[in-house]
$ cat input16.tsv   # TSV, C-alpha atoms
chain	number	residue	atom	x	y	z
A	1	MET	CA	-139.75	-35.08	-69.16
A	2	ARG	CA	-139.65	-31.76	-70.98
A	3	VAL	CA	-136.67	-29.95	-69.51
A	4	GLU	CA	-135.97	-26.42	-70.68
A	5	GLY	CA	-132.68	-26.18	-72.54
A	6	GLU	CA	-132.19	-29.96	-72.73
A	7	THR	CA	-131.86	-31.08	-76.34
A	8	ARG	CA	-129.52	-34.07	-76.06
A	9	PRO	CA	-130.84	-37.47	-77.12
A	10	VAL	CA	-131.19	-40.54	-74.96
A	11	LEU	CA	-128.86	-43.31	-76.10
A	12	VAL	CA	-130.84	-46.48	-76.85
A	13	VAL	CA	-128.92	-49.76	-77.00
A	14	LEU	CA	-130.70	-52.63	-78.78
A	15	HIS	CA	-129.59	-56.24	-79.23
A	16	GLN	CA	-131.27	-57.34	-82.47
A	17	GLU	CA	-131.49	-55.85	-85.94
A	18	THR	CA	-135.30	-55.82	-85.82
A	19	SER	CA	-135.72	-54.67	-82.20
A	20	THR	CA	-137.38	-51.36	-81.35
A	21	PRO	CA	-137.58	-49.34	-78.11
A	22	GLY	CA	-141.32	-50.05	-78.00
A	23	ARG	CA	-143.42	-48.00	-75.63
A	24	VAL	CA	-140.33	-46.52	-73.98
A	25	GLY	CA	-139.48	-44.90	-77.29
A	26	GLN	CA	-143.06	-43.79	-77.83
A	27	ILE	CA	-143.23	-42.06	-74.43
A	28	LEU	CA	-139.87	-40.35	-74.83
A	29	GLU	CA	-140.56	-39.14	-78.37
A	30	ALA	CA	-144.04	-37.89	-77.37
A	31	ALA	CA	-142.29	-35.81	-74.71
A	32	GLY	CA	-139.94	-34.35	-77.31
A	33	VAL	CA	-136.93	-36.41	-76.25
A	34	PRO	CA	-134.83	-37.50	-79.26
A	35	LEU	CA	-133.36	-41.00	-79.45
A	36	ASP	CA	-129.91	-42.11	-80.59
A	37	ILE	CA	-130.36	-45.83	-81.39
A	38	ARG	CA	-127.28	-48.05	-81.55
A	39	ARG	CA	-126.99	-51.80	-82.14
A	40	PRO	CA	-123.58	-53.13	-81.07
A	41	VAL	CA	-124.48	-56.53	-82.52
A	42	LEU	CA	-124.30	-54.86	-85.95
A	43	GLY	CA	-120.94	-53.27	-85.20
A	44	GLU	CA	-122.30	-49.86	-84.19
A	45	LYS	CA	-120.03	-48.18	-81.64
A	46	LEU	CA	-121.04	-46.98	-78.20
A	47	PRO	CA	-119.81	-43.51	-77.24
A	48	ALA	CA	-116.72	-43.09	-75.06
A	49	THR	CA	-118.62	-40.52	-72.99
A	50	LEU	CA	-122.26	-39.60	-72.45
A	51	GLU	CA	-121.58	-35.88	-72.31
A	52	ARG	CA	-123.60	-35.44	-75.50
A	53	HIS	CA	-126.46	-37.66	-74.30
A	54	ARG	CA	-129.22	-37.13	-71.78
A	55	GLY	CA	-128.71	-40.68	-70.52
A	56	ALA	CA	-128.85	-44.26	-71.75
A	57	ILE	CA	-131.28	-47.18	-71.91
A	58	VAL	CA	-129.97	-50.70	-72.45
A	59	PHE	CA	-132.76	-53.00	-73.61
A	60	GLY	CA	-133.29	-56.75	-73.45
A	61	GLY	CA	-132.77	-59.43	-76.06
A	62	PRO	CA	-132.12	-63.12	-76.66
A	63	PRO	CA	-128.50	-63.26	-75.42
A	64	SER	CA	-127.44	-64.08	-71.88
A	65	ALA	CA	-125.29	-61.67	-69.90
A	66	ASN	CA	-122.99	-64.70	-69.48
A	67	ASP	CA	-122.42	-65.14	-73.23
A	68	GLU	CA	-118.90	-64.64	-74.53
A	69	GLU	CA	-119.59	-62.73	-77.75
A	70	PRO	CA	-117.13	-59.81	-77.94
A	71	HIS	CA	-119.81	-57.16	-78.42
A	72	LEU	CA	-121.63	-58.33	-75.28
A	73	ARG	CA	-118.42	-58.37	-73.22
A	74	HIS	CA	-117.64	-54.88	-74.49
A	75	GLU	CA	-121.13	-53.66	-73.67
A	76	ILE	CA	-120.87	-54.88	-70.08
A	77	ASP	CA	-117.52	-53.11	-69.74
A	78	TRP	CA	-118.97	-50.00	-71.40
A	79	LEU	CA	-121.49	-49.61	-68.59
A	80	ASP	CA	-118.64	-48.07	-66.65
A	81	VAL	CA	-119.23	-44.91	-68.74
A	82	PRO	CA	-122.73	-43.97	-67.48
A	83	LEU	CA	-121.99	-45.29	-63.99
A	84	ARG	CA	-118.70	-43.42	-63.64
A	85	GLU	CA	-120.12	-40.25	-65.19
A	86	ASP	CA	-123.26	-40.53	-63.03
A	87	ARG	CA	-125.54	-40.24	-66.06
A	88	PRO	CA	-129.17	-41.42	-66.04
A	89	LEU	CA	-129.19	-45.11	-66.93
A	90	LEU	CA	-131.95	-47.70	-67.28
A	91	GLY	CA	-131.36	-51.39	-67.94
A	92	ILE	CA	-134.30	-53.55	-69.04
A	93	CYS	CA	-134.14	-57.35	-68.56
A	94	LEU	CA	-130.81	-58.22	-70.25
A	95	GLY	CA	-129.76	-54.60	-69.72
A	96	ALA	CA	-130.38	-54.90	-65.97
A	97	GLN	CA	-128.56	-58.24	-65.88
A	98	MET	CA	-125.57	-56.67	-67.66
A	99	MET	CA	-125.51	-53.92	-65.06
A	100	VAL	CA	-125.50	-56.49	-62.28
A	101	LYS	CA	-122.66	-58.36	-63.98
A	102	HIS	CA	-120.68	-55.15	-64.33
A	103	LEU	CA	-121.15	-54.45	-60.62
A	104	GLY	CA	-119.85	-57.89	-59.63
A	105	GLY	CA	-123.15	-59.74	-59.24
A	106	THR	CA	-124.31	-63.08	-60.58
A	107	VAL	CA	-126.75	-63.74	-63.43
A	108	GLY	CA	-128.11	-67.22	-64.04
A	109	PRO	CA	-131.09	-69.51	-64.61
A	110	HIS	CA	-133.35	-70.81	-61.89
A	111	PRO	CA	-131.75	-73.96	-60.45
A	112	GLU	CA	-134.85	-76.03	-61.31
A	113	GLY	CA	-135.24	-74.60	-64.82
A	114	TRP	CA	-138.27	-72.41	-64.13
A	115	VAL	CA	-138.92	-69.32	-66.25
A	116	GLU	CA	-141.19	-66.28	-66.17
A	117	VAL	CA	-143.00	-65.81	-69.49
A	118	GLY	CA	-146.29	-63.95	-69.17
A	119	TYR	CA	-147.78	-61.82	-66.38
A	120	TYR	CA	-146.57	-62.23	-62.79
A	121	PRO	CA	-147.07	-60.33	-59.50
A	122	LEU	CA	-144.85	-57.42	-58.51
A	123	ARG	CA	-144.52	-55.90	-55.05
A	124	SER	CA	-142.69	-52.63	-54.43
A	125	THR	CA	-140.36	-52.29	-51.46
A	126	GLN	CA	-140.32	-49.36	-49.06
A	127	ALA	CA	-137.41	-47.92	-51.05
A	128	GLY	CA	-139.38	-48.29	-54.28
A	129	ARG	CA	-142.44	-46.56	-52.85
A	130	ALA	CA	-140.26	-43.71	-51.62
A	131	LEU	CA	-139.36	-43.05	-55.26
A	132	LEU	CA	-142.75	-43.76	-56.86
A	133	ARG	CA	-145.96	-44.27	-54.95
A	134	ASP	CA	-147.83	-46.42	-57.47
A	135	TRP	CA	-146.21	-49.57	-58.88
A	136	PRO	CA	-148.17	-51.98	-61.08
A	137	PRO	CA	-149.33	-55.14	-59.27
A	138	MET	CA	-148.71	-57.35	-62.34
A	139	VAL	CA	-145.98	-57.02	-64.96
A	140	TYR	CA	-145.01	-58.77	-68.18
A	141	GLN	CA	-142.00	-61.07	-68.07
A	142	TRP	CA	-139.98	-62.86	-70.74
A	143	HIS	CA	-136.84	-64.33	-69.21
A	144	ARG	CA	-135.08	-67.52	-68.19
A	145	GLU	CA	-132.42	-65.90	-66.00
A	146	GLY	CA	-132.44	-63.67	-62.95
A	147	PHE	CA	-129.83	-61.85	-60.90
A	148	ASP	CA	-128.65	-61.42	-57.34
A	149	LEU	CA	-128.00	-58.12	-55.56
A	150	PRO	CA	-124.38	-56.95	-55.51
A	151	ARG	CA	-123.20	-54.90	-52.57
A	152	GLY	CA	-124.70	-51.42	-52.58
A	153	ILE	CA	-127.64	-52.25	-54.87
A	154	GLU	CA	-131.04	-51.13	-53.59
A	155	LEU	CA	-134.06	-53.37	-54.22
A	156	LEU	CA	-137.07	-51.34	-55.41
A	157	ALA	CA	-139.51	-54.12	-56.30
A	158	GLU	CA	-139.64	-57.87	-55.86
A	159	GLY	CA	-141.48	-60.78	-57.38
A	160	GLU	CA	-143.57	-63.22	-55.42
A	161	GLY	CA	-142.31	-66.20	-57.37
A	162	ARG	CA	-139.01	-67.77	-58.31
A	163	PHE	CA	-137.22	-64.57	-59.39
A	164	PRO	CA	-137.40	-62.23	-56.40
A	165	ASN	CA	-135.24	-59.34	-57.65
A	166	GLN	CA	-137.31	-57.31	-60.11
A	167	ALA	CA	-136.30	-53.64	-59.89
A	168	ILE	CA	-133.06	-52.15	-58.58
A	169	ARG	CA	-131.22	-48.89	-58.11
A	170	ALA	CA	-127.45	-48.61	-58.34
A	171	GLY	CA	-126.50	-45.19	-57.05
A	172	PRO	CA	-128.55	-42.03	-57.57
A	173	ASN	CA	-129.17	-42.32	-61.33
A	174	ALA	CA	-128.86	-45.96	-62.44
A	175	TYR	CA	-131.88	-48.29	-62.49
A	176	GLY	CA	-132.65	-51.78	-63.70
A	177	VAL	CA	-135.88	-53.75	-64.16
A	178	GLN	CA	-136.30	-57.44	-64.94
A	179	PHE	CA	-139.75	-57.02	-66.51
A	180	HIS	CA	-140.94	-55.55	-69.83
A	181	ALA	CA	-143.07	-52.45	-69.35
A	182	GLU	CA	-141.95	-51.33	-72.83
A	183	LEU	CA	-143.98	-54.07	-74.50
A	184	THR	CA	-146.49	-52.97	-77.13
A	185	LEU	CA	-149.30	-55.13	-78.43
A	186	ALA	CA	-147.42	-55.63	-81.70
A	187	MET	CA	-144.36	-56.77	-79.75
A	188	MET	CA	-146.47	-59.27	-77.82
A	189	HIS	CA	-147.71	-60.73	-81.10
A	190	ARG	CA	-144.12	-61.05	-82.39
A	191	TRP	CA	-142.65	-62.49	-79.22
A	192	THR	CA	-145.36	-65.09	-78.70
A	193	THR	CA	-145.15	-66.10	-82.37
A	194	HIS	CA	-141.40	-66.18	-83.02
A	195	GLY	CA	-140.62	-67.29	-79.47
A	196	HIS	CA	-143.48	-69.76	-79.13
A	197	ALA	CA	-141.09	-72.50	-77.90
A	198	ARG	CA	-140.63	-70.57	-74.66
A	199	LEU	CA	-144.35	-70.85	-73.92
A	200	SER	CA	-143.87	-74.53	-73.10
A	201	LEU	CA	-141.03	-74.04	-70.61
A	202	PRO	CA	-141.65	-74.73	-66.88
A	203	GLY	CA	-143.58	-71.86	-65.33
A	204	ALA	CA	-144.46	-70.15	-68.64
A	205	GLN	CA	-148.02	-69.12	-69.41
A	206	GLY	CA	-149.92	-70.10	-72.55
A	207	ARG	CA	-150.27	-67.60	-75.38
A	208	SER	CA	-153.90	-66.73	-74.71
A	209	ALA	CA	-153.03	-65.81	-71.11
A	210	HIS	CA	-150.58	-63.20	-72.39
A	211	PHE	CA	-153.27	-61.34	-74.31
A	212	SER	CA	-155.98	-61.68	-71.67
A	213	GLY	CA	-153.45	-60.55	-69.06
A	214	ARG	CA	-152.58	-57.49	-71.11
A	215	ALA	CA	-156.23	-56.47	-71.31
A	216	VAL	CA	-156.45	-56.52	-67.51
A	217	HIS	CA	-153.01	-55.39	-66.38
A	218	ASP	CA	-151.55	-53.08	-69.02
A	219	ALA	CA	-153.10	-49.73	-68.02
A	220	PRO	CA	-151.30	-49.41	-64.65
A	221	VAL	CA	-148.07	-50.61	-66.26
A	222	LYS	CA	-148.29	-47.84	-68.87
A	223	ARG	CA	-148.93	-45.18	-66.20
A	224	TRP	CA	-146.04	-46.45	-64.10
A	225	LEU	CA	-143.65	-46.48	-67.06
A	226	ALA	CA	-144.33	-42.83	-67.88
A	227	ASP	CA	-143.71	-41.89	-64.24
A	228	PHE	CA	-140.58	-44.04	-64.04
A	229	LEU	CA	-139.06	-42.55	-67.18
A	230	GLY	CA	-139.84	-39.09	-65.84
A	231	LEU	CA	-138.08	-39.97	-62.60
A	232	ILE	CA	-134.94	-41.09	-64.43
A	233	PHE	CA	-134.72	-38.68	-67.35
A	234	GLY	CA	-136.89	-35.71	-66.41
A	235	GLN	CA	-135.60	-34.51	-63.08
A	236	ARG	CA	-132.00	-33.69	-63.76
A	237	VAL	CA	-129.99	-31.66	-66.24
A	238	ASP	CA	-126.29	-32.48	-66.14
A	239	ALA	CA	-124.05	-29.53	-65.57
A	240	GLY	CA	-121.10	-31.04	-67.43
$ encode --input "input16.tsv" --output "structure tokens"
Amino acid sequence: MRVEGETRPVLVVLHQETSTPGRVGQILEAAGVPLDIRRPVLGEKLPATLERHRGAIVFGGPPSANDEEPHLRHEIDWLDVPLREDRPLLGICLGAQMMVKHLGGTVGPHPEGWVEVGYYPLRSTQAGRALLRDWPPMVYQWHREGFDLPRGIELLAEGEGRFPNQAIRAGPNAYGVQFHAELTLAMMHRWTTHGHARLSLPGAQGRSAHFSGRAVHDAPVKRWLADFLGLIFGQRVDAG
């Protein structure tokens, strides 16, 4: 991701006061990529243009993309900026769902109330393998809602369970993933402690399975994430 002459930060959009960019932030900062962290929920403004940014990452969080809070509605509308300017964009979980909403798609819960909380299988599509050869076979999930595929959206990876759409591409530089490759061990401790009620929802895995799953499945996820971030933010320097 080190690009000669590129000094602009990546815009990081978080949805809670205590949230961090996790392993995404660690990988970017280790590569010398600065971060500009904004939290619209705290009243922090999003830029009217991304000319001074290398790209943007919109993270997950407790809200639904269907919520009516003004800052969430504004954030969905704001996604027009990176999409219109063709800037590198990554949406993670809620961020991907917001992108789908902006593009005219539907976000909602499973009709039978099932969730994905824990580790679940992932299978790359032919389009996904054309971008990156090696995708992790298991990924960490923490969501109650999924999304459909608006017209023109390319499916890069799918789940084998109740939420089939797991990784998407919207145009040449915009990507979304339903799963949480950014998760650190400390984040897993926090989520499974503060969000322990979700562990009893239909389809969720027990707390011990989260940690045993991480021991088995995390290494390929970490490798994939570094490659994926390089694909999005390391291949292109905007001329404008």
$ residues_around --input "input16.tsv" --residues "stretch 116-125 of chain A" --least-positions-apart "6" --cutoff "6 Å" --atoms "all atoms listed in the file" --output "number ranges by chain"
A: 137-143, 156-159, 204-205, 210
$ atom_distance --input "input16.tsv" --atom1 "atom CA of A:Ile57" --atom2 "atom CA of A:Gly91"
5.8 Å
$ residues_around --input "input16.tsv" --residues "stretch 99-109 of chain A" --least-positions-apart "5" --cutoff "6 Å" --atoms "all atoms listed in the file" --output "list in words"
Ile76, Arg144, Glu145, Gly146, Phe147, Asp148 and Pro150 of chain A
$ atom_distance --input "input16.tsv" --atom1 "atom CA of A:Arg207" --atom2 "atom CA of A:Met187"
13.1 Å
$ atom_distance --input "input16.tsv" --atom1 "atom CA of A:Glu51" --atom2 "atom CA of A:Glu29"
20.2 Å
$ closest_atom_pairs --input "input16.tsv" --of "stretch 114-206 of chain A" --to "stretch 22-25 of chain A" --cutoff "10 Å" --atoms "all atoms listed in the file" --output "CSV"
residue,atom,partner,partner_atom,distance
A:His180,CA,A:Arg23,CA,9.8
A:Ala181,CA,A:Arg23,CA,7.7
A:Glu182,CA,A:Arg23,CA,4.6
A:Leu183,CA,A:Gly22,CA,6.0
A:Thr184,CA,A:Gly22,CA,6.0
A:Leu185,CA,A:Gly22,CA,9.5
A:Ala186,CA,A:Gly22,CA,9.1
A:Met187,CA,A:Gly22,CA,7.6
$ axis_aligned_box --input "input16.tsv" --around "stretch 10-15 of chain A" --padding-each-side "8 Å" --output "AutoDock Vina command-line options"
--center_x -130.0 --center_y -48.4 --center_z -77.1 --size_x 18.3 --size_y 31.7 --size_z 20.3
$ closest_residue --input "input16.tsv" --among "A:Val12, A:Met1, A:Leu46, A:Met188" --to "A:Gly32" --atoms "only C-alpha atoms"
A:Met1
$ residues_near_point --input "input16.tsv" --point "(-140.4, -34.0, -77.2)" --cutoff "10 Å" --atoms "all atoms listed in the file" --output "number ranges by chain"
A: 1-3, 7, 27-34
$ write_last_selection --input "input16.tsv" --atoms "C-alpha atoms" --output "PDB file, in the frame of the given file"
ATOM      1  CA  MET A   1    -139.750 -35.080 -69.160  1.00  0.00           C
ATOM      2  CA  ARG A   2    -139.650 -31.760 -70.980  1.00  0.00           C
ATOM      3  CA  VAL A   3    -136.670 -29.950 -69.510  1.00  0.00           C
ATOM      4  CA  THR A   7    -131.860 -31.080 -76.340  1.00  0.00           C
ATOM      5  CA  ILE A  27    -143.230 -42.060 -74.430  1.00  0.00           C
ATOM      6  CA  LEU A  28    -139.870 -40.350 -74.830  1.00  0.00           C
ATOM      7  CA  GLU A  29    -140.560 -39.140 -78.370  1.00  0.00           C
ATOM      8  CA  ALA A  30    -144.040 -37.890 -77.370  1.00  0.00           C
ATOM      9  CA  ALA A  31    -142.290 -35.810 -74.710  1.00  0.00           C
ATOM     10  CA  GLY A  32    -139.940 -34.350 -77.310  1.00  0.00           C
ATOM     11  CA  VAL A  33    -136.930 -36.410 -76.250  1.00  0.00           C
ATOM     12  CA  PRO A  34    -134.830 -37.500 -79.260  1.00  0.00           C
TER      13      PRO A  34
END
$ closest_residue --input "input16.tsv" --among "A:Leu14, A:Cys93, A:Leu225, A:Val58" --to "A:Pro40" --atoms "all atoms listed in the file"
A:Leu14
